[in-house]
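J.: Take a look at this one; I'll ask things after.
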Amino acid sequence: MTSICKSSKLANVLYDVRGPIVEAAQQMEDEGQKIIKLNIGNMAPFGFLPPDEIVQDMIRNLPQSAGYSDSKGIFSARKAVVHYTQQQGVPGVTVDDVYLGNGASDLINMAVNALLSEGDEMLLPAPDYPLWTAVTSLSGGRPVHYVCDEGNGWLPDLDDMRRKITKRTKAIVLINPNNPTGALYPDALLRAIVDLAREHGLVIMADEVYDKVLYEDAKHTAIASLAGDVLTLTFNSLSKAYRSCGYRAGWMVIAGDKASARDYIEGLNMLANIKLGSNVPGQYAIQTALGGYQSIQELVREGGRLRRQRDVAWELINAIQGVSCVKPQAALYMFPRLDPAVYPIEDDRQFFMQVLRATRVMLVQGSGFNMPDNQHFRLVFLPHEDELREAIGRLAQFLEHYRQRHTAPAGEAAPQK
C-alpha cells in the first residue's frame, strides 16, 4: 500500500505549545490524572472571562451575523480600530487600512503569505512565538532568528539583527510586549529598529497582542507611531486583554509608506477576498471592546489577580536552586532559565516530558519557542495562586531530585546519563 505523507513544507514547522507534551498530558487525563496546565495562554479555563458587555453585544447581533461580511470586515469594527490607532498616535490610518480576521494568527498567516516568495527571509526573535516561524516556513520563506538578550532584559540585540540582514530579507518581526519572555521594548530601541528597517527597505511586522497587559508603570508604544515612512503592519486581537480567545476576533492595521506597497496591498486584498471574511459575531465584539471600560486594568494593577499571580510565580521560580528568571513587565508568561551547571539537559523536550509524567505539571520547553539551547521553558501564570504554588512546588521537588541524580559533589565527575 502506498503511504500518504504530509507535505514537505511541514518539515520545519513546530508548534509545541500544543505538541507531543500536550498529547501525553491528554492521555494522562484520559487515565484519570489531573494535570496542571501551564503551557498555553488560554484564559477562560482559569476563570478569566470576557467582559459582560462584549458577550451581550455578540448575542444581540447574532440575528444579523448569518451572512458573509465585507472581506476586510464590518465597517463599525474597522472604524473602531482606526480610532484606537489614533489614540496610540499612529498617523494616516483609514478604514481601508484595517483588516479583520479570525484572531491575529489568521492575519499573520495572510500577511506573511502575501509578502514572501520562495527563499525570501524574515527576521524573527529568538525566543519567538512559534506561529511566526511556522508561517514563514509554510510560505516558502526562511526564518532567520535574531538574538533577544536575556542579560539585557530580553531586549533584541540590534547588532545581531543588523548582521543577519541579507539581500533576501523582507521584514523584521517584533513581538512587543513579548511572548514568551514578558519583555517590553523602550522607545529608543523601537526607533533604532525603525531606522534599520528604513535603511534596508524592510517591512516591520509588529505583534502587539499584549499591549494592555502591562505591570507596574510600564508603558507600551505602538511602533507604527514611530515608523513614519516605513511600512508597518500591526496585529492585535480580543484574545488576551479582553479574555476572548475563543471568539476568534483580531485585526491588522497597515501604516507608514503605503504608496510604495500598492502591489503588496493588492496581494493582501486578494487573500482577504479568497477567505470571504472572518467570523462575524466576533467582529461585532470589537467596537464594544475598544470603546468601553478597559477592565484589564483591574487585573494588572497592584493587588489585581494577574499582577499578584505574576509576582508569586516569579518569586517561587527564582527561589529554586539553579533557576533564574527575568521579571516580566507585560503579558501572561515568564521564561525561566535552568543553569546548565546544575541541570545538564541534552534534550529539553524529553526533559519536560519527564517533568509532566513525574509532577503532572505541563510546561513548554524553550526549543518550542525556537530558543537555541536546552535551558529555558515558558511558564504561564494564569492559574489561581494556590494552584500556582502547588505546580511550582512540584517542579521544585522534581528539580531537587534531578540535581541529586545529575550533579556530582565537588571534585567528582558528574554521573553519565
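Residues are referred to by chain and number: the chain letter is A, B, ... according to the order shown in the C-alpha cells, the number counts from 1 in that chain, and ligands are numbered separately from 1 in the order shown.
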DSSP on the backbone, then: every residue of range 135-341 of chain A marked alpha helix (DSSP H), written as a VMD selection string.
T.: chain A and resid 135 to 138 158 to 163 187 to 200 224 to 227 262 to 274 280 to 291 296 to 300 305 to 318
J.: Please, could you write that set of residues out with C-alpha atoms as a compact mmCIF listing (two decimals), in the first residue's frame?
T.:
# COMPACT_ATOMS: atom_id res chain seq x y z
CA VAL A 135 4.10 30.56 8.92
CA THR A 136 7.39 31.81 7.44
CA SER A 137 8.39 28.25 6.55
CA LEU A 138 4.95 27.38 5.17
CA LEU A 158 20.43 45.32 17.34
CA ASP A 159 23.92 44.34 16.23
CA ASP A 160 22.85 40.73 15.78
CA MET A 161 19.75 41.87 13.89
CA ARG A 162 21.90 44.03 11.61
CA ARG A 163 24.38 41.22 10.92
CA ASP A 187 11.09 53.78 22.64
CA ALA A 188 14.81 54.25 21.91
CA LEU A 189 15.11 50.62 20.83
CA LEU A 190 11.94 50.84 18.73
CA ARG A 191 13.29 53.93 16.94
CA ALA A 192 16.57 52.16 16.24
CA ILE A 193 14.70 49.21 14.71
CA VAL A 194 12.67 51.62 12.57
CA ASP A 195 15.93 53.21 11.36
CA LEU A 196 17.29 49.76 10.49
CA ALA A 197 14.14 48.87 8.56
CA ARG A 198 14.26 52.19 6.71
CA GLU A 199 17.94 51.75 5.81
CA HIS A 200 17.35 48.33 4.26
CA ALA A 224 3.76 52.30 13.98
CA SER A 225 3.52 55.61 15.86
CA LEU A 226 7.31 55.97 15.44
CA ALA A 227 7.72 54.43 12.00
CA ARG A 262 0.48 49.01 -3.62
CA ASP A 263 1.33 45.65 -5.16
CA TYR A 264 1.71 44.01 -1.75
CA ILE A 265 -1.58 45.51 -0.56
CA GLU A 266 -3.23 44.16 -3.71
CA GLY A 267 -1.98 40.73 -2.64
CA LEU A 268 -3.45 41.22 0.83
CA ASN A 269 -6.80 42.17 -0.69
CA MET A 270 -6.70 39.10 -2.91
CA LEU A 271 -6.13 36.78 0.06
CA ALA A 272 -8.82 38.56 2.09
CA ASN A 273 -11.28 38.02 -0.76
CA ILE A 274 -10.36 34.35 -1.04
CA VAL A 280 -18.96 37.87 12.00
CA PRO A 281 -20.18 37.50 15.64
CA GLY A 282 -16.63 38.07 16.84
CA GLN A 283 -16.33 41.18 14.67
CA TYR A 284 -19.35 42.71 16.41
CA ALA A 285 -17.49 42.49 19.73
CA ILE A 286 -14.58 44.68 18.58
CA GLN A 287 -16.29 48.08 18.70
CA THR A 288 -17.65 47.45 22.18
CA ALA A 289 -14.30 46.16 23.44
CA LEU A 290 -12.19 49.03 22.17
CA GLY A 291 -14.62 51.75 23.13
CA ILE A 296 -7.95 44.60 32.12
CA GLN A 297 -6.74 47.44 34.36
CA GLU A 298 -8.35 45.77 37.36
CA LEU A 299 -6.33 42.63 36.73
CA VAL A 300 -2.88 44.17 36.18
CA ARG A 305 -5.21 38.98 40.09
CA LEU A 306 -2.75 38.87 37.18
CA ARG A 307 -0.27 41.13 38.93
CA ARG A 308 -0.45 39.06 42.11
CA GLN A 309 -0.02 35.76 40.28
CA ARG A 310 2.92 37.09 38.28
CA ASP A 311 4.65 38.17 41.49
CA VAL A 312 4.02 34.86 43.26
CA ALA A 313 5.21 32.76 40.31
CA TRP A 314 8.33 34.88 39.78
CA GLU A 315 9.32 34.75 43.45
CA LEU A 316 8.79 30.98 43.69
CA ILE A 317 10.68 30.23 40.49
CA ASN A 318 13.68 32.34 41.49
J.: When DSSP is applied to the backbone of this structure, which of range 53-285 of chain A are assigned strand (DSSP E)? Write them out as a PDB file with C-alpha atoms, in the first residue's frame.
T.:
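Once written, result_22.pdb looks like this:
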ATOM      1  CA  VAL A  98      -7.803  47.780   8.585  1.00  0.00           C
ATOM      2  CA  TYR A  99      -8.401  44.050   8.054  1.00  0.00           C
ATOM      3  CA  LEU A 100     -10.331  41.852  10.474  1.00  0.00           C
ATOM      4  CA  GLY A 101      -9.590  38.163  10.859  1.00  0.00           C
ATOM      5  CA  GLU A 121      13.960  35.685   4.586  1.00  0.00           C
ATOM      6  CA  MET A 122      12.173  37.033   7.666  1.00  0.00           C
ATOM      7  CA  LEU A 123      13.980  38.280  10.755  1.00  0.00           C
ATOM      8  CA  LEU A 124      12.296  36.753  13.807  1.00  0.00           C
ATOM      9  CA  PRO A 125      13.110  36.962  17.521  1.00  0.00           C
ATOM     10  CA  ALA A 126      14.662  34.097  19.455  1.00  0.00           C
ATOM     11  CA  ARG A 142      13.439  31.136   5.507  1.00  0.00           C
ATOM     12  CA  PRO A 143      13.127  32.078   9.194  1.00  0.00           C
ATOM     13  CA  VAL A 144      16.256  33.866  10.460  1.00  0.00           C
ATOM     14  CA  HIS A 145      16.290  34.366  14.212  1.00  0.00           C
ATOM     15  CA  TYR A 146      17.923  37.362  15.859  1.00  0.00           C
ATOM     16  CA  VAL A 147      19.017  37.204  19.479  1.00  0.00           C
ATOM     17  CA  CYS A 148      16.962  38.635  22.319  1.00  0.00           C
ATOM     18  CA  ASP A 149      19.463  39.180  25.134  1.00  0.00           C
ATOM     19  CA  LEU A 155      15.639  43.068  24.541  1.00  0.00           C
ATOM     20  CA  PRO A 156      16.523  42.467  20.868  1.00  0.00           C
ATOM     21  CA  THR A 169      15.456  39.797   3.916  1.00  0.00           C
ATOM     22  CA  LYS A 170      11.939  41.178   3.508  1.00  0.00           C
ATOM     23  CA  ALA A 171      10.742  42.034   7.017  1.00  0.00           C
ATOM     24  CA  ILE A 172      11.571  42.387  10.703  1.00  0.00           C
ATOM     25  CA  VAL A 173       9.102  40.837  13.143  1.00  0.00           C
ATOM     26  CA  LEU A 174       8.697  42.335  16.612  1.00  0.00           C
ATOM     27  CA  ILE A 175       6.642  40.765  19.378  1.00  0.00           C
ATOM     28  CA  VAL A 203       8.647  45.882   6.289  1.00  0.00           C
ATOM     29  CA  ILE A 204       8.010  45.918  10.038  1.00  0.00           C
ATOM     30  CA  MET A 205       5.509  43.362  11.323  1.00  0.00           C
ATOM     31  CA  ALA A 206       4.501  44.129  14.894  1.00  0.00           C
ATOM     32  CA  ASP A 207       2.683  41.584  17.052  1.00  0.00           C
ATOM     33  CA  THR A 232       4.355  48.756   9.271  1.00  0.00           C
ATOM     34  CA  LEU A 233       1.755  46.045   9.824  1.00  0.00           C
ATOM     35  CA  THR A 234       0.395  45.785  13.361  1.00  0.00           C
ATOM     36  CA  PHE A 235      -1.517  42.762  14.669  1.00  0.00           C
ATOM     37  CA  ASN A 236      -3.838  42.669  17.667  1.00  0.00           C
ATOM     38  CA  SER A 237      -6.895  40.804  18.921  1.00  0.00           C
ATOM     39  CA  GLY A 250      -8.427  40.094  15.542  1.00  0.00           C
ATOM     40  CA  TRP A 251      -7.273  42.990  13.387  1.00  0.00           C
ATOM     41  CA  MET A 252      -4.345  44.053  11.231  1.00  0.00           C
ATOM     42  CA  VAL A 253      -3.508  47.710  10.534  1.00  0.00           C
ATOM     43  CA  ILE A 254      -1.344  48.956   7.672  1.00  0.00           C
ATOM     44  CA  ALA A 255       0.528  52.193   8.370  1.00  0.00           C
TER      45      ALA A 255
END
J.: When distances are computed from only C-alpha atoms, which of A:Tyr68, A:Leu202, A:Met362, A:Tyr84 shows the smallest separation from Leu115 in chain A?
T.: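 Closest residue, counting only C-alpha atoms: A:Leu202.
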J.: Have a look at A:Gly182, A:Asn279, A:Asp157, A:Lys34 and name the one nearest to Leu62 in chain A; count only C-alpha atoms.
T.: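 Comparing A:Gly182, A:Asn279, A:Asp157, A:Lys34 against Leu62 in chain A, the winner is A:Asn279.
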J.: Need to verify the contact set: Asp120 in chain A, 6 Å, only C-alpha atoms, exclusion of same-chain residues closer than 4 positions in sequence. Can you return it as a PDB file with N, CA and C atoms, in the first residue's frame?
T.:
ATOM      1  N   LEU A 116       6.062  36.918   1.113  1.00  0.00           N
ATOM      2  CA  LEU A 116       7.249  36.112   0.846  1.00  0.00           C
ATOM      3  C   LEU A 116       7.145  35.305  -0.439  1.00  0.00           C
ATOM      4  N   GLY A 141       9.351  30.798   2.835  1.00  0.00           N
ATOM      5  CA  GLY A 141      10.435  31.651   3.273  1.00  0.00           C
ATOM      6  C   GLY A 141      11.392  30.948   4.208  1.00  0.00           C
ATOM      7  N   ARG A 168      18.015  38.981   0.706  1.00  0.00           N
ATOM      8  CA  ARG A 168      16.742  38.250   0.660  1.00  0.00           C
ATOM      9  C   ARG A 168      15.809  38.625   1.805  1.00  0.00           C
TER      10      ARG A 168
END
